[in-house]
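Inspection log for the structure reproduced underneath, given as structure tokens.
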Amino acid sequence: MENYKIPDNLAVSEEGFLFLPATGESFTLNEIGKIVIGLLKNGSSIEEIIERLTEEFDVDEHTAEKDVNDFLTQLKNFRLVEEI
Amino acid sequence: MSKKVYERPVIIKQHSGLMNKFGSSPVQPTITEIDGVAVNNLVEEYGSPLFVFSEKQIRENQRKMLRIFKTRYPKVQFAWSYKTNYLSAVCSVFHQEGSWAEVVSEYEYQRARKLGVSGANIIFNGPDKSDSALETAVKEKAKIHIDHFDELYQLLEITEKLDLKANVAIRVNMDVGIYPKWDRFGFNYENGEAAHAIKRIMTSKTLNLVGLHTHIGTYIMATEPYRLAVLKLVELAKMVHAQYETVLEYIDVGGGLPSKNTLKGQYLDAEQLLPSYEQYADAITSPLFDLNLPPDELPTLFLETGRALIDDAGYLISTVLGNKRLSNGKRAIIIDAGVNYLFTSHWFNHKIVPAQNSGNFTENAAVYGPLCMNIDCLREDIVLPTQKKGDRLIILFVGAYSVTQWMQFITTRPKITMVMEDKTVEVIREDEDLEYIISPERVPEKLTSFSLK
Ligand SMILES: Cc1ncc(COP(=O)(O)O)c(C=O)c1O
């Protein structure tokens, strides 16, 4: 699996509000979206993120993997992540 | 240690300024039951995809429509438009409610007869009536609605040969200010063809003119075209009365009332946009009083209403096969019911609702059927909560022109059930299997064997 990096200037508020100063675009995240972004910002790998979700939440590994990948596809689409 | 409740990670882009032209994003209703029967139970018992019809809804629709017209005009008779949905069980509900049969082919005629409708209660429309079909219709005293001059002469020959009289009407087409003009069916009013056809019938010894018919189109979105159409038929009826001293038994205004479905390209919901059935009934009935006839001589108003009486009594339950992201990031949901079951999805943005609570996050998605064909798209854009594989989506208002126009293509067709008034469920058409499909096929002898390496 590839790993991803969130741009440094990306700001996430307590409420899950995400703002991209470069383009003026804004986004909202749900609780788990916020956790995943937070982990990505801290440099966690995809495997680590999936592991963390399955440990903390009532979800099986396949579902978590599908959902995280789908989430990443959206982040890529919105140009919110860079592959590293 | 108990774990926290999971919800998939979601990110939604905010579109400030152009949030939503038509108000806030619609609240997604969830339909977990149809007439008190759980959707999950239906699928477990009968499979997916699954068509479900509501007996209760059909009866309610028919009774309500009859009441709307009867409170405005004393003599009203509905004739169920077979092509809209000729499943035997569906037709039988309408016949139990007192509707006649309106058919447009020999095949539909035979279906009505097989159900026990007598010829005298059949309206025989359409441009395709074979000699044998007409002979039967004449003998069984059906109301034959003549479509063109060749058919008029064909019927003259048949009735003379049989030495029998036929009860006939003519179908009339006219300019009522709508597009497309349905002038390919029947005799034109404005150019005098209709009057000419009437004259020919009145001078024949075997044809008995009992009515006038029009059907101005389908899903008519305004009331004025109906008023104009009835006015023109009333003018013809007055002419018949004045010139031939004949009082017609009926005026048949056809079908065309819209259902709750929303046309593609129509931004507002059909229910917000369209006149009420009461308003249509006003437009249709008020010109009839211009006939200036005593009440007992007023013609019966025939209505061949199709989609408006059945659309919201039909459901198509489907199952989510999978999700994907399209190249532009849009979500796509693949379900097990395709356009082969829903021809109507070419014209309508069918409403699709989840059959389970699927969380609060909604997303714009495309909904595709299972066919390996690009055309198999049920909705290009619909806001839906996240769907998991195995979740159920219900396509609403699919009672009209679905199970008559559906195609056996790529896959076989599913079961059709009816939820009865007492909440029992009946299969009203079995699903198809390979044997059923190939049994009419014949393989030439020389093609019966091959060997592949
Ligand atoms: C002659 C005739 N009558 C009735 C109908 C039923 O029309 P609708 O479903 O629009 O009410 C049709 C359908 O096009 C028709 O051709």
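Chain labels follow the order of the structure tokens: the first chain is A, the next B, and so on; residue numbering restarts at 1 in every chain, and ligands are counted from 1 in their shown order.
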Task: Interface residues on chain B facing chain A, 8 Å, only C-alpha atoms, written as a ChimeraX atom specification - done: /B:3-14,325,328-329
Dump as an mmCIF file, in the first residue's frame, selection limited to N, CA, C and O atoms:
data_model
loop_
_atom_site.group_PDB
_atom_site.id
_atom_site.type_symbol
_atom_site.label_atom_id
_atom_site.label_comp_id
_atom_site.auth_asym_id
_atom_site.auth_seq_id
_atom_site.Cartn_x
_atom_site.Cartn_y
_atom_site.Cartn_z
ATOM 1 N N LYS B 3 -16.277 -1.792 22.097
ATOM 2 C CA LYS B 3 -15.719 -0.820 21.160
ATOM 3 C C LYS B 3 -16.732 0.268 20.820
ATOM 4 O O LYS B 3 -17.930 0.093 20.983
ATOM 5 N N LYS B 4 -16.208 1.367 20.297
ATOM 6 C CA LYS B 4 -17.089 2.490 19.931
ATOM 7 C C LYS B 4 -17.846 2.177 18.643
ATOM 8 O O LYS B 4 -17.392 1.399 17.805
ATOM 9 N N VAL B 5 -18.990 2.829 18.513
ATOM 10 C CA VAL B 5 -19.802 2.636 17.309
ATOM 11 C C VAL B 5 -19.057 3.193 16.092
ATOM 12 O O VAL B 5 -18.527 4.296 16.127
ATOM 13 N N TYR B 6 -19.028 2.401 15.069
ATOM 14 C CA TYR B 6 -18.281 2.784 13.869
ATOM 15 C C TYR B 6 -19.177 3.488 12.861
ATOM 16 O O TYR B 6 -20.359 3.192 12.724
ATOM 17 N N GLU B 7 -18.595 4.406 12.153
ATOM 18 C CA GLU B 7 -19.248 5.059 11.024
ATOM 19 C C GLU B 7 -18.128 5.286 10.034
ATOM 20 O O GLU B 7 -17.022 5.626 10.443
ATOM 21 N N ARG B 8 -18.364 5.070 8.760
ATOM 22 C CA ARG B 8 -17.215 5.189 7.841
ATOM 23 C C ARG B 8 -16.716 6.635 7.791
ATOM 24 O O ARG B 8 -17.496 7.578 8.008
ATOM 25 N N PRO B 9 -15.430 6.880 7.527
ATOM 26 C CA PRO B 9 -14.925 8.251 7.459
ATOM 27 C C PRO B 9 -15.529 9.000 6.269
ATOM 28 O O PRO B 9 -15.627 8.432 5.181
ATOM 29 N N VAL B 10 -15.952 10.227 6.519
ATOM 30 C CA VAL B 10 -16.607 10.991 5.452
ATOM 31 C C VAL B 10 -16.011 12.378 5.367
ATOM 32 O O VAL B 10 -15.735 13.008 6.388
ATOM 33 N N ILE B 11 -15.837 12.847 4.145
ATOM 34 C CA ILE B 11 -15.456 14.242 3.929
ATOM 35 C C ILE B 11 -16.394 14.828 2.883
ATOM 36 O O ILE B 11 -16.671 14.189 1.869
ATOM 37 N N ILE B 12 -16.920 16.003 3.177
ATOM 38 C CA ILE B 12 -17.846 16.627 2.231
ATOM 39 C C ILE B 12 -17.383 18.027 1.901
ATOM 40 O O ILE B 12 -17.059 18.818 2.793
ATOM 41 N N LYS B 13 -17.322 18.298 0.631
ATOM 42 C CA LYS B 13 -16.885 19.628 0.203
ATOM 43 C C LYS B 13 -18.029 20.621 0.359
ATOM 44 O O LYS B 13 -19.173 20.326 0.005
ATOM 45 N N GLN B 14 -17.700 21.798 0.897
ATOM 46 C CA GLN B 14 -18.723 22.834 1.070
ATOM 47 C C GLN B 14 -18.754 23.727 -0.162
ATOM 48 O O GLN B 14 -17.728 24.218 -0.583
ATOM 49 N N ARG B 325 -15.913 4.475 -6.878
ATOM 50 C CA ARG B 325 -15.734 5.900 -7.165
ATOM 51 C C ARG B 325 -15.485 6.044 -8.651
ATOM 52 O O ARG B 325 -14.632 5.346 -9.211
ATOM 53 N N ASN B 328 -14.237 10.987 -11.621
ATOM 54 C CA ASN B 328 -14.373 12.361 -11.117
ATOM 55 C C ASN B 328 -14.645 12.390 -9.613
ATOM 56 O O ASN B 328 -14.978 13.431 -9.062
ATOM 57 N N GLY B 329 -14.550 11.247 -8.964
ATOM 58 C CA GLY B 329 -14.731 11.217 -7.516
ATOM 59 C C GLY B 329 -16.150 10.944 -7.079
ATOM 60 O O GLY B 329 -16.422 10.743 -5.900
#
- [ ] List all protein, DNA and RNA residues that have at least one atom no more than 10 Å from any atom of ligand 1, counting only C-alpha atoms and all ligand atoms, and write them as number ranges by chain.
- [x] B: 79-85, 102-104, 123-127, 145, 171, 182, 185-186, 213-220, 252-259, 303-311, 400-401
Open item on the list: What parts of region 1-83 of chain A does DSSP call alpha helix (DSSP H)? I'd like the answer as a PyMOL selection string.
Closed with: chain A and resi 31-41+46-56+61-77
- [ ] Write out as a list in words the residues lying within 6 Å of region 168-170 of chain B, counting only C-alpha atoms and excluding same-chain residues fewer than 6 positions away.
- [x]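 So, after excluding close chain neighbours, the residues are Lys143, Ile144, His145, Ile146, Asn208, Leu209, Val210, Gly211, Leu212 and His213 of chain B.
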Open item on the list: Going by DSSP on the backbone, which residues of region 227-320 of chain B come out as strand (DSSP E or B)? List them as a ChimeraX atom specification.
Closed with: /B:250-252,263,300-303,314-320
Residues just named, written with N, CA, C and O atoms as a PDB file, in the first residue's frame:
ATOM      1  N   TYR B 250     -71.293   7.633 -25.643  1.00  0.00           N
ATOM      2  CA  TYR B 250     -70.158   8.022 -24.799  1.00  0.00           C
ATOM      3  C   TYR B 250     -69.147   8.925 -25.497  1.00  0.00           C
ATOM      4  O   TYR B 250     -69.077   8.966 -26.720  1.00  0.00           O
ATOM      5  N   ILE B 251     -68.407   9.621 -24.657  1.00  0.00           N
ATOM      6  CA  ILE B 251     -67.234  10.366 -25.103  1.00  0.00           C
ATOM      7  C   ILE B 251     -66.057   9.851 -24.286  1.00  0.00           C
ATOM      8  O   ILE B 251     -66.101   9.824 -23.049  1.00  0.00           O
ATOM      9  N   ASP B 252     -65.039   9.392 -25.005  1.00  0.00           N
ATOM     10  CA  ASP B 252     -63.896   8.745 -24.360  1.00  0.00           C
ATOM     11  C   ASP B 252     -62.694   9.675 -24.472  1.00  0.00           C
ATOM     12  O   ASP B 252     -62.243   9.987 -25.564  1.00  0.00           O
ATOM     13  N   LEU B 263     -40.233  13.760 -14.373  1.00  0.00           N
ATOM     14  CA  LEU B 263     -39.560  13.618 -15.661  1.00  0.00           C
ATOM     15  C   LEU B 263     -38.108  14.052 -15.553  1.00  0.00           C
ATOM     16  O   LEU B 263     -37.777  14.931 -14.758  1.00  0.00           O
ATOM     17  N   THR B 300     -71.949   8.998 -21.587  1.00  0.00           N
ATOM     18  CA  THR B 300     -71.061   8.544 -20.516  1.00  0.00           C
ATOM     19  C   THR B 300     -69.657   9.047 -20.822  1.00  0.00           C
ATOM     20  O   THR B 300     -69.215   9.027 -21.969  1.00  0.00           O
ATOM     21  N   LEU B 301     -68.982   9.512 -19.788  1.00  0.00           N
ATOM     22  CA  LEU B 301     -67.582   9.905 -19.941  1.00  0.00           C
ATOM     23  C   LEU B 301     -66.721   8.669 -19.690  1.00  0.00           C
ATOM     24  O   LEU B 301     -66.739   8.107 -18.585  1.00  0.00           O
ATOM     25  N   PHE B 302     -65.997   8.242 -20.713  1.00  0.00           N
ATOM     26  CA  PHE B 302     -65.051   7.139 -20.540  1.00  0.00           C
ATOM     27  C   PHE B 302     -63.658   7.695 -20.292  1.00  0.00           C
ATOM     28  O   PHE B 302     -63.261   8.672 -20.909  1.00  0.00           O
ATOM     29  N   LEU B 303     -62.949   7.056 -19.389  1.00  0.00           N
ATOM     30  CA  LEU B 303     -61.557   7.430 -19.128  1.00  0.00           C
ATOM     31  C   LEU B 303     -60.695   6.184 -19.194  1.00  0.00           C
ATOM     32  O   LEU B 303     -61.069   5.125 -18.676  1.00  0.00           O
ATOM     33  N   GLY B 314     -46.646   0.368  -7.435  1.00  0.00           N
ATOM     34  CA  GLY B 314     -45.584  -0.566  -7.818  1.00  0.00           C
ATOM     35  C   GLY B 314     -44.243  -0.174  -7.220  1.00  0.00           C
ATOM     36  O   GLY B 314     -43.872   1.009  -7.222  1.00  0.00           O
ATOM     37  N   TYR B 315     -43.527  -1.159  -6.691  1.00  0.00           N
ATOM     38  CA  TYR B 315     -42.206  -0.959  -6.081  1.00  0.00           C
ATOM     39  C   TYR B 315     -41.242  -1.963  -6.711  1.00  0.00           C
ATOM     40  O   TYR B 315     -41.641  -3.079  -7.033  1.00  0.00           O
ATOM     41  N   LEU B 316     -39.999  -1.552  -6.837  1.00  0.00           N
ATOM     42  CA  LEU B 316     -38.973  -2.507  -7.253  1.00  0.00           C
ATOM     43  C   LEU B 316     -37.891  -2.518  -6.176  1.00  0.00           C
ATOM     44  O   LEU B 316     -37.182  -1.529  -5.981  1.00  0.00           O
ATOM     45  N   ILE B 317     -37.821  -3.649  -5.460  1.00  0.00           N
ATOM     46  CA  ILE B 317     -36.810  -3.768  -4.407  1.00  0.00           C
ATOM     47  C   ILE B 317     -35.530  -4.301  -5.044  1.00  0.00           C
ATOM     48  O   ILE B 317     -35.571  -5.252  -5.823  1.00  0.00           O
ATOM     49  N   SER B 318     -34.419  -3.672  -4.711  1.00  0.00           N
ATOM     50  CA  SER B 318     -33.142  -4.113  -5.275  1.00  0.00           C
ATOM     51  C   SER B 318     -32.121  -4.244  -4.154  1.00  0.00           C
ATOM     52  O   SER B 318     -32.334  -3.762  -3.040  1.00  0.00           O
ATOM     53  N   THR B 319     -31.005  -4.884  -4.473  1.00  0.00           N
ATOM     54  CA  THR B 319     -29.931  -5.079  -3.500  1.00  0.00           C
ATOM     55  C   THR B 319     -28.643  -4.461  -4.032  1.00  0.00           C
ATOM     56  O   THR B 319     -28.367  -4.548  -5.234  1.00  0.00           O
ATOM     57  N   VAL B 320     -27.908  -3.829  -3.138  1.00  0.00           N
ATOM     58  CA  VAL B 320     -26.645  -3.199  -3.536  1.00  0.00           C
ATOM     59  C   VAL B 320     -25.602  -4.290  -3.770  1.00  0.00           C
ATOM     60  O   VAL B 320     -25.338  -5.123  -2.904  1.00  0.00           O
TER      61      VAL B 320
END
- [ ] Write out as a list in words which residues come within 10 Å of Glu83 (chain A) when counting only C-alpha atoms, dropping same-chain ones fewer than 3 positions away.
- [x] Glu2, Asn3, Tyr4, Lys5, Ile6 and Lys76 of chain A
How about saving the chosen residues, N, CA, C and O atoms kept, as an mmCIF file, in the first residue's frame?
data_model
loop_
_atom_site.group_PDB
_atom_site.id
_atom_site.type_symbol
_atom_site.label_atom_id
_atom_site.label_comp_id
_atom_site.auth_asym_id
_atom_site.auth_seq_id
_atom_site.Cartn_x
_atom_site.Cartn_y
_atom_site.Cartn_z
ATOM 1 N N GLU A 2 0.436 2.243 -0.789
ATOM 2 C CA GLU A 2 1.202 3.495 -0.779
ATOM 3 C C GLU A 2 0.879 4.252 0.501
ATOM 4 O O GLU A 2 -0.097 3.967 1.173
ATOM 5 N N ASN A 3 1.741 5.215 0.797
ATOM 6 C CA ASN A 3 1.434 6.075 1.929
ATOM 7 C C ASN A 3 1.214 7.502 1.452
ATOM 8 O O ASN A 3 1.581 7.870 0.350
ATOM 9 N N TYR A 4 0.548 8.247 2.320
ATOM 10 C CA TYR A 4 0.094 9.574 1.908
ATOM 11 C C TYR A 4 0.516 10.626 2.911
ATOM 12 O O TYR A 4 0.707 10.361 4.088
ATOM 13 N N LYS A 5 0.572 11.854 2.405
ATOM 14 C CA LYS A 5 0.977 12.952 3.269
ATOM 15 C C LYS A 5 -0.036 14.085 3.089
ATOM 16 O O LYS A 5 -0.462 14.382 1.970
ATOM 17 N N ILE A 6 -0.439 14.659 4.201
ATOM 18 C CA ILE A 6 -1.370 15.791 4.171
ATOM 19 C C ILE A 6 -0.540 17.076 4.103
ATOM 20 O O ILE A 6 0.440 17.195 4.835
ATOM 21 N N LYS A 76 -7.808 12.374 -2.511
ATOM 22 C CA LYS A 76 -6.996 12.583 -3.713
ATOM 23 C C LYS A 76 -7.756 13.452 -4.710
ATOM 24 O O LYS A 76 -7.201 14.361 -5.311
#
TODO: Name the residues in contact with Val339 (chain B) at a cut-off of 9 Å, using only C-alpha atoms, excluding same-chain residues fewer than 6 positions from it; report them as a PyMOL selection string.
DONE: chain B and resi 345-346+368-369+371+375-378+406-407
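Going from CA of Glu432 (chain B) over to CA of Ala366 (chain B), you cover 28.2 Å.
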